[in-house]
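Working notes for the structure below.
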Amino acid sequence: MSNQFRDHLGRPIVAVTGMGVITSLGQGLEDNWAALTGGRSGIHDITRFPVNELSTRIAGTVDFIDLPVANAVERSYAMARETTVEALAQAGLSGDFNGPLFLAAPPVEPEWSARFELADRAGPAEEPGDAYDRFLAAMRERPDPAFHEAVLFGSISERLADKFGTRGLPVTLSTACASGATAIQLGVEAIRQGRTERALTVATDGSVSAEALIRFSLLSALSTQNDPPEKASKPFTKDRDGFVIAEGAATLVLESLESAIARGARVYGIVKGCGEKADSFHRTRSSPDGGPVIATIRAALEDAGVGEEAIGYINAHGTSTPENDKMEYGAMLSVFGERLKSIPVSSNKSMIGHTLTAAGAVEAVFSLQTILTGTLPPTINYQNPDPSIELDVVPNVKRAQQVSAVLSNSFGFGGQNASLVLAAEPR
């Protein structure tokens, strides 16, 4: 392999040759990018289930895709399928993909309505502790393929593998809100290690349900500013009160730069560096001192072989929760110092909400679009700045500015932290 196709550590350079995305803003990269840079919000009132008694009644749900059964597994699969179709078309690939699949998927469970329906079929208890046996008997008597799919964690990746002809056993992972970035990292590592010339990395999350809202509300994590919905997500502001739960998916076709050039593919960008660190501070909260996040960002820069001065824009995790925004700011300040004031830092979540499992991949796609178009998406709803967070958040309106390298941050529950350095195609 020629040195022009290797990075500073002698590893194959990893290119992005196809992208697809779905969020509450719409389906497809073109429509999403137009809405995002136009400062339009996809957050709206929830109509999927009753919300009368809930403190949070808004979300960025994806309700415009036809589903055979309306559950989280089918919704997550449908979005992953559609973004993969778009990404492969953009990459100019047809037929069997013939490379590994790395999927970030939500740890979903059957909806309560489906559980109650099964309980009704199983009938009343005959003796204590016989529920499991009764449920199995009811399923044997009348098999329910949709319910069965909804309880198998790996079912989405297996269906994608069958449809797109990926190679080997598909990998399904869940590292909370860092999952999308982690899937990309696994694809990058597979190519760097010479195990494949290309990898399909997908992240999807269609898991907004009443139970999800209740669980996050009990953690005081969700915004309760329901009216108007589009104003609820306000990262880095003084009056932020929590994130807005959302759905979405993104697919990236990763390929060694040498392979991409050899087949005449268009290169949309480079995944230059990946960093990850565990945070054992708390099962849901990040360490207030930002130590693991600082280490994650520095690991990504080191892996990319660049210094802090190379980063021209930061796609922040920017959840709009009081604690997380403050922690992320402190971590970025520790890494970039006084220069941070001059680095644009915006949050896509101000418009699309927090797509949870999908967030790292969705925001990686938007980061690459920033490089490709020379347009910085805004942080909307930035009307009341937090004086303790001194950032150029690209407030409210997009900005024309050429950047050659972007840092994209994803920090999740359970101490899962991941950062990506995305860059323009090398000359």
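Each chain in the structure tokens gets a letter, A, B and so on, in the order shown; residues start at 1 in every chain, and ligands are counted from 1 in the order they appear.
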* **Non-local contacts of region 224-229 of chain A (9 Å; only C-alpha atoms; under 4 positions in same chain excluded) as a list in words** =>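 Skipping anything fewer than 4 positions along the chain leaves Ser41, Gly42, Ile43, His44, Asp45, Ser55, Thr56, Arg57, Ile58, Ala59, Ser217, Ser233, Asp241, Gly242 and Val244 of chain A.
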Only all heavy atoms, please: the residues just picked out, written as a short mmCIF file (atom, residue, chain, number, x, y, z; two decimals), in the first residue's frame.
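The resulting file, again04.cif, is reproduced below:
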data_model
loop_
_atom_site.label_atom_id
_atom_site.label_comp_id
_atom_site.auth_asym_id
_atom_site.auth_seq_id
_atom_site.Cartn_x
_atom_site.Cartn_y
_atom_site.Cartn_z
N SER A 41 -36.80 23.27 13.56
CA SER A 41 -36.89 22.23 14.59
C SER A 41 -37.80 21.10 14.14
O SER A 41 -38.83 21.33 13.49
CB SER A 41 -37.42 22.83 15.89
OG SER A 41 -37.66 21.80 16.85
N GLY A 42 -37.43 19.88 14.52
CA GLY A 42 -38.27 18.72 14.25
C GLY A 42 -39.05 18.27 15.48
O GLY A 42 -39.72 17.25 15.45
N ILE A 43 -38.95 19.03 16.57
CA ILE A 43 -39.61 18.65 17.81
C ILE A 43 -41.09 19.02 17.75
O ILE A 43 -41.45 20.12 17.30
CB ILE A 43 -38.95 19.35 19.02
CG1 ILE A 43 -37.43 19.12 18.99
CG2 ILE A 43 -39.54 18.83 20.32
CD1 ILE A 43 -37.01 17.67 18.92
N HIS A 44 -41.96 18.13 18.21
CA HIS A 44 -43.39 18.34 18.09
C HIS A 44 -44.13 17.62 19.21
O HIS A 44 -43.55 16.83 19.96
CB HIS A 44 -43.88 17.83 16.72
CG HIS A 44 -43.41 16.44 16.42
ND1 HIS A 44 -42.35 16.19 15.57
CD2 HIS A 44 -43.83 15.23 16.87
CE1 HIS A 44 -42.15 14.88 15.51
NE2 HIS A 44 -43.02 14.28 16.29
N ASP A 45 -45.43 17.88 19.30
CA ASP A 45 -46.27 17.18 20.28
C ASP A 45 -46.33 15.70 19.93
O ASP A 45 -46.41 15.32 18.75
CB ASP A 45 -47.70 17.75 20.27
CG ASP A 45 -47.76 19.16 20.82
OD1 ASP A 45 -47.00 19.47 21.76
OD2 ASP A 45 -48.56 19.96 20.30
N SER A 55 -45.39 14.53 32.36
CA SER A 55 -44.82 15.88 32.51
C SER A 55 -44.13 16.34 31.23
O SER A 55 -44.03 17.53 30.97
CB SER A 55 -43.83 15.91 33.67
OG SER A 55 -42.82 14.91 33.51
N THR A 56 -43.65 15.39 30.42
CA THR A 56 -43.08 15.71 29.12
C THR A 56 -44.01 15.16 28.04
O THR A 56 -44.34 13.98 28.03
CB THR A 56 -41.68 15.10 28.96
OG1 THR A 56 -40.79 15.72 29.88
CG2 THR A 56 -41.15 15.29 27.54
N ARG A 57 -44.43 16.03 27.12
CA ARG A 57 -45.42 15.64 26.11
C ARG A 57 -44.93 15.92 24.69
O ARG A 57 -45.70 15.98 23.75
CB ARG A 57 -46.73 16.38 26.37
CG ARG A 57 -47.32 16.09 27.74
CD ARG A 57 -48.68 16.74 27.95
NE ARG A 57 -48.58 18.20 27.96
CZ ARG A 57 -48.24 18.93 29.03
NH1 ARG A 57 -47.95 18.31 30.17
NH2 ARG A 57 -48.18 20.24 28.96
N ILE A 58 -43.61 16.09 24.54
CA ILE A 58 -43.03 16.42 23.24
C ILE A 58 -41.87 15.48 22.94
O ILE A 58 -41.29 14.88 23.83
CB ILE A 58 -42.52 17.89 23.21
CG1 ILE A 58 -41.48 18.09 24.32
CG2 ILE A 58 -43.69 18.86 23.37
CD1 ILE A 58 -40.80 19.44 24.30
N ALA A 59 -41.55 15.37 21.66
CA ALA A 59 -40.44 14.51 21.24
C ALA A 59 -40.12 14.79 19.78
O ALA A 59 -40.86 15.49 19.09
CB ALA A 59 -40.78 13.03 21.43
N SER A 217 -37.97 10.69 32.69
CA SER A 217 -38.54 11.72 33.56
C SER A 217 -38.21 11.45 35.02
O SER A 217 -37.95 12.39 35.79
CB SER A 217 -40.06 11.78 33.37
OG SER A 217 -40.41 12.26 32.10
N SER A 233 -35.60 22.46 23.36
CA SER A 233 -34.19 22.09 23.38
C SER A 233 -33.34 23.33 23.19
O SER A 233 -33.32 23.92 22.11
CB SER A 233 -33.90 21.05 22.28
OG SER A 233 -32.56 20.61 22.36
N ASP A 241 -33.40 22.94 30.59
CA ASP A 241 -33.92 22.14 31.71
C ASP A 241 -33.94 20.65 31.40
O ASP A 241 -34.53 19.87 32.15
CB ASP A 241 -35.32 22.62 32.09
CG ASP A 241 -36.39 22.18 31.09
OD1 ASP A 241 -36.09 22.14 29.88
OD2 ASP A 241 -37.52 21.87 31.52
N GLY A 242 -33.33 20.22 30.32
CA GLY A 242 -33.29 18.79 30.01
C GLY A 242 -33.31 18.55 28.51
O GLY A 242 -33.54 19.46 27.72
N VAL A 244 -34.57 16.69 24.88
CA VAL A 244 -35.81 16.26 24.23
C VAL A 244 -35.54 14.94 23.54
O VAL A 244 -34.67 14.84 22.66
CB VAL A 244 -36.30 17.31 23.21
CG1 VAL A 244 -37.56 16.80 22.51
CG2 VAL A 244 -36.57 18.64 23.89
#
* Would you list the contacts of region 92-101 of chain A as a ChimeraX atom specification, taking every protein, DNA or RNA residue within 9 Å and counting only C-alpha atoms, but skipping same-chain residues closer than 2 positions in sequence? => /A:17-18,87-90,103,157,160-161,163-172,187,190,196-202,265-266
Those residues with C-alpha atoms, as a PDB file, in the first residue's frame please?
ATOM      1  CA  THR A  17     -17.988   6.985   0.576  1.00  0.00           C
ATOM      2  CA  GLY A  18     -21.704   6.953   1.371  1.00  0.00           C
ATOM      3  CA  ALA A  87     -25.848   5.399   1.744  1.00  0.00           C
ATOM      4  CA  LEU A  88     -25.168   2.505  -0.637  1.00  0.00           C
ATOM      5  CA  ALA A  89     -26.666   4.435  -3.550  1.00  0.00           C
ATOM      6  CA  GLN A  90     -24.460   7.398  -2.717  1.00  0.00           C
ATOM      7  CA  LEU A 103     -25.055  -1.801  14.104  1.00  0.00           C
ATOM      8  CA  SER A 157     -28.785  -6.539  12.423  1.00  0.00           C
ATOM      9  CA  LEU A 160     -30.026  -5.896   7.596  1.00  0.00           C
ATOM     10  CA  ALA A 161     -27.295  -8.463   6.957  1.00  0.00           C
ATOM     11  CA  LYS A 163     -31.005  -7.675   2.927  1.00  0.00           C
ATOM     12  CA  PHE A 164     -27.689  -6.064   2.056  1.00  0.00           C
ATOM     13  CA  GLY A 165     -25.415  -9.085   1.868  1.00  0.00           C
ATOM     14  CA  THR A 166     -22.897  -8.185   4.539  1.00  0.00           C
ATOM     15  CA  ARG A 167     -20.118 -10.610   5.411  1.00  0.00           C
ATOM     16  CA  GLY A 168     -19.704 -12.569   8.628  1.00  0.00           C
ATOM     17  CA  LEU A 169     -21.823 -12.340  11.740  1.00  0.00           C
ATOM     18  CA  PRO A 170     -23.276  -8.841  12.162  1.00  0.00           C
ATOM     19  CA  VAL A 171     -22.291  -7.037  15.347  1.00  0.00           C
ATOM     20  CA  THR A 172     -25.000  -5.310  17.392  1.00  0.00           C
ATOM     21  CA  GLY A 187     -15.790  -0.132  11.371  1.00  0.00           C
ATOM     22  CA  ALA A 190     -11.760  -3.388  11.123  1.00  0.00           C
ATOM     23  CA  THR A 196     -11.797  -5.758   5.382  1.00  0.00           C
ATOM     24  CA  GLU A 197     -11.654  -3.095   2.683  1.00  0.00           C
ATOM     25  CA  ARG A 198     -15.094  -1.750   3.582  1.00  0.00           C
ATOM     26  CA  ALA A 199     -17.538  -1.752   6.479  1.00  0.00           C
ATOM     27  CA  LEU A 200     -21.191  -0.833   6.869  1.00  0.00           C
ATOM     28  CA  THR A 201     -21.822   1.188  10.036  1.00  0.00           C
ATOM     29  CA  VAL A 202     -25.433   1.829  11.008  1.00  0.00           C
ATOM     30  CA  ALA A 265     -15.726   6.411  -5.682  1.00  0.00           C
ATOM     31  CA  ARG A 266     -16.369   9.897  -4.409  1.00  0.00           C
TER      32      ARG A 266
END
Taking a cut-off of 7 Å and counting only C-alpha atoms, can you build a table that, for each residue of region 217-275 of chain A near region 80-86 of chain A, reports the nearest atom pair and how far apart they are in Å (one decimal), sorted by chain then residue number, as CSV?
residue,atom,partner,partner_atom,distance
A:Ala249,CA,A:Ala80,CA,5.9
A:Ala250,CA,A:Thr83,CA,5.7
A:Thr251,CA,A:Thr84,CA,5.4
* Interatomic distance (Å, one decimal) between CA of Val345 (chain A) and CA of Pro385 (chain A) ->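 Pair CA of Val345 (chain A) / CA of Pro385 (chain A) returns 13.7 Å.
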* Pick from A:Ala359, A:Ala331, A:Cys274, A:Ile311 nearest to Gln402 (chain A), counting only C-alpha atoms -> A:Ile311
* Compile the contact shell of Lys349 (chain A) as a PyMOL selection string: residues with an atom at most 7 Å away, counting only C-alpha atoms, same-chain residues fewer than 3 positions apart removed. => chain A and resi 318-319+352-354
* Asked: Given the choices A:Leu257, A:Val51, A:Pro107, A:Val14, which gets closest to Gly154 (chain A) if the distance is worked out from only C-alpha atoms?
  -> A:Pro107
For Gly123 (chain A), find every residue with an atom within 9 Å (counting only C-alpha atoms), except residues of its own chain fewer than 6 positions away, and show them as a PDB file with N, CA, C and O atoms, in the first residue's frame.
ATOM      1  N   ARG A 134     -46.765 -20.397  31.288  1.00  0.00           N
ATOM      2  CA  ARG A 134     -48.019 -20.050  30.620  1.00  0.00           C
ATOM      3  C   ARG A 134     -47.757 -19.190  29.378  1.00  0.00           C
ATOM      4  O   ARG A 134     -48.395 -19.363  28.340  1.00  0.00           O
ATOM      5  N   PHE A 135     -46.803 -18.267  29.493  1.00  0.00           N
ATOM      6  CA  PHE A 135     -46.467 -17.408  28.349  1.00  0.00           C
ATOM      7  C   PHE A 135     -45.907 -18.244  27.199  1.00  0.00           C
ATOM      8  O   PHE A 135     -46.253 -18.050  26.032  1.00  0.00           O
ATOM      9  N   ALA A 138     -48.683 -20.144  25.510  1.00  0.00           N
ATOM     10  CA  ALA A 138     -49.493 -19.268  24.667  1.00  0.00           C
ATOM     11  C   ALA A 138     -48.794 -18.963  23.348  1.00  0.00           C
ATOM     12  O   ALA A 138     -49.422 -18.918  22.282  1.00  0.00           O
TER      13      ALA A 138
END
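The residue that comes closest to Gly290 (chain A), out of A:Gly374, A:Gly415, A:Pro344, A:Pro143 and on the basis of only C-alpha atoms, is A:Gly415.
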* Taking the backbone alone, and naming residues the way the document does, which bits of region 99-202 of chain A are strand (DSSP E) by DSSP, as an MDAnalysis selection string? -> chainID A and resid 101:104 171:173 198:202
* When you draw a straight line from CA of Glu425 (chain A) to CA of Tyr268 (chain A), how long is it in Å? -> 7.0 Å
* To do: Could you give me the residues within region 30-264 of chain A that DSSP places in alpha helix (DSSP H), as a PyMOL selection string?
  => chain A and resi 30-37+72-91+112-122+131-141+145-150+155-164+179-192+210-218+257-262
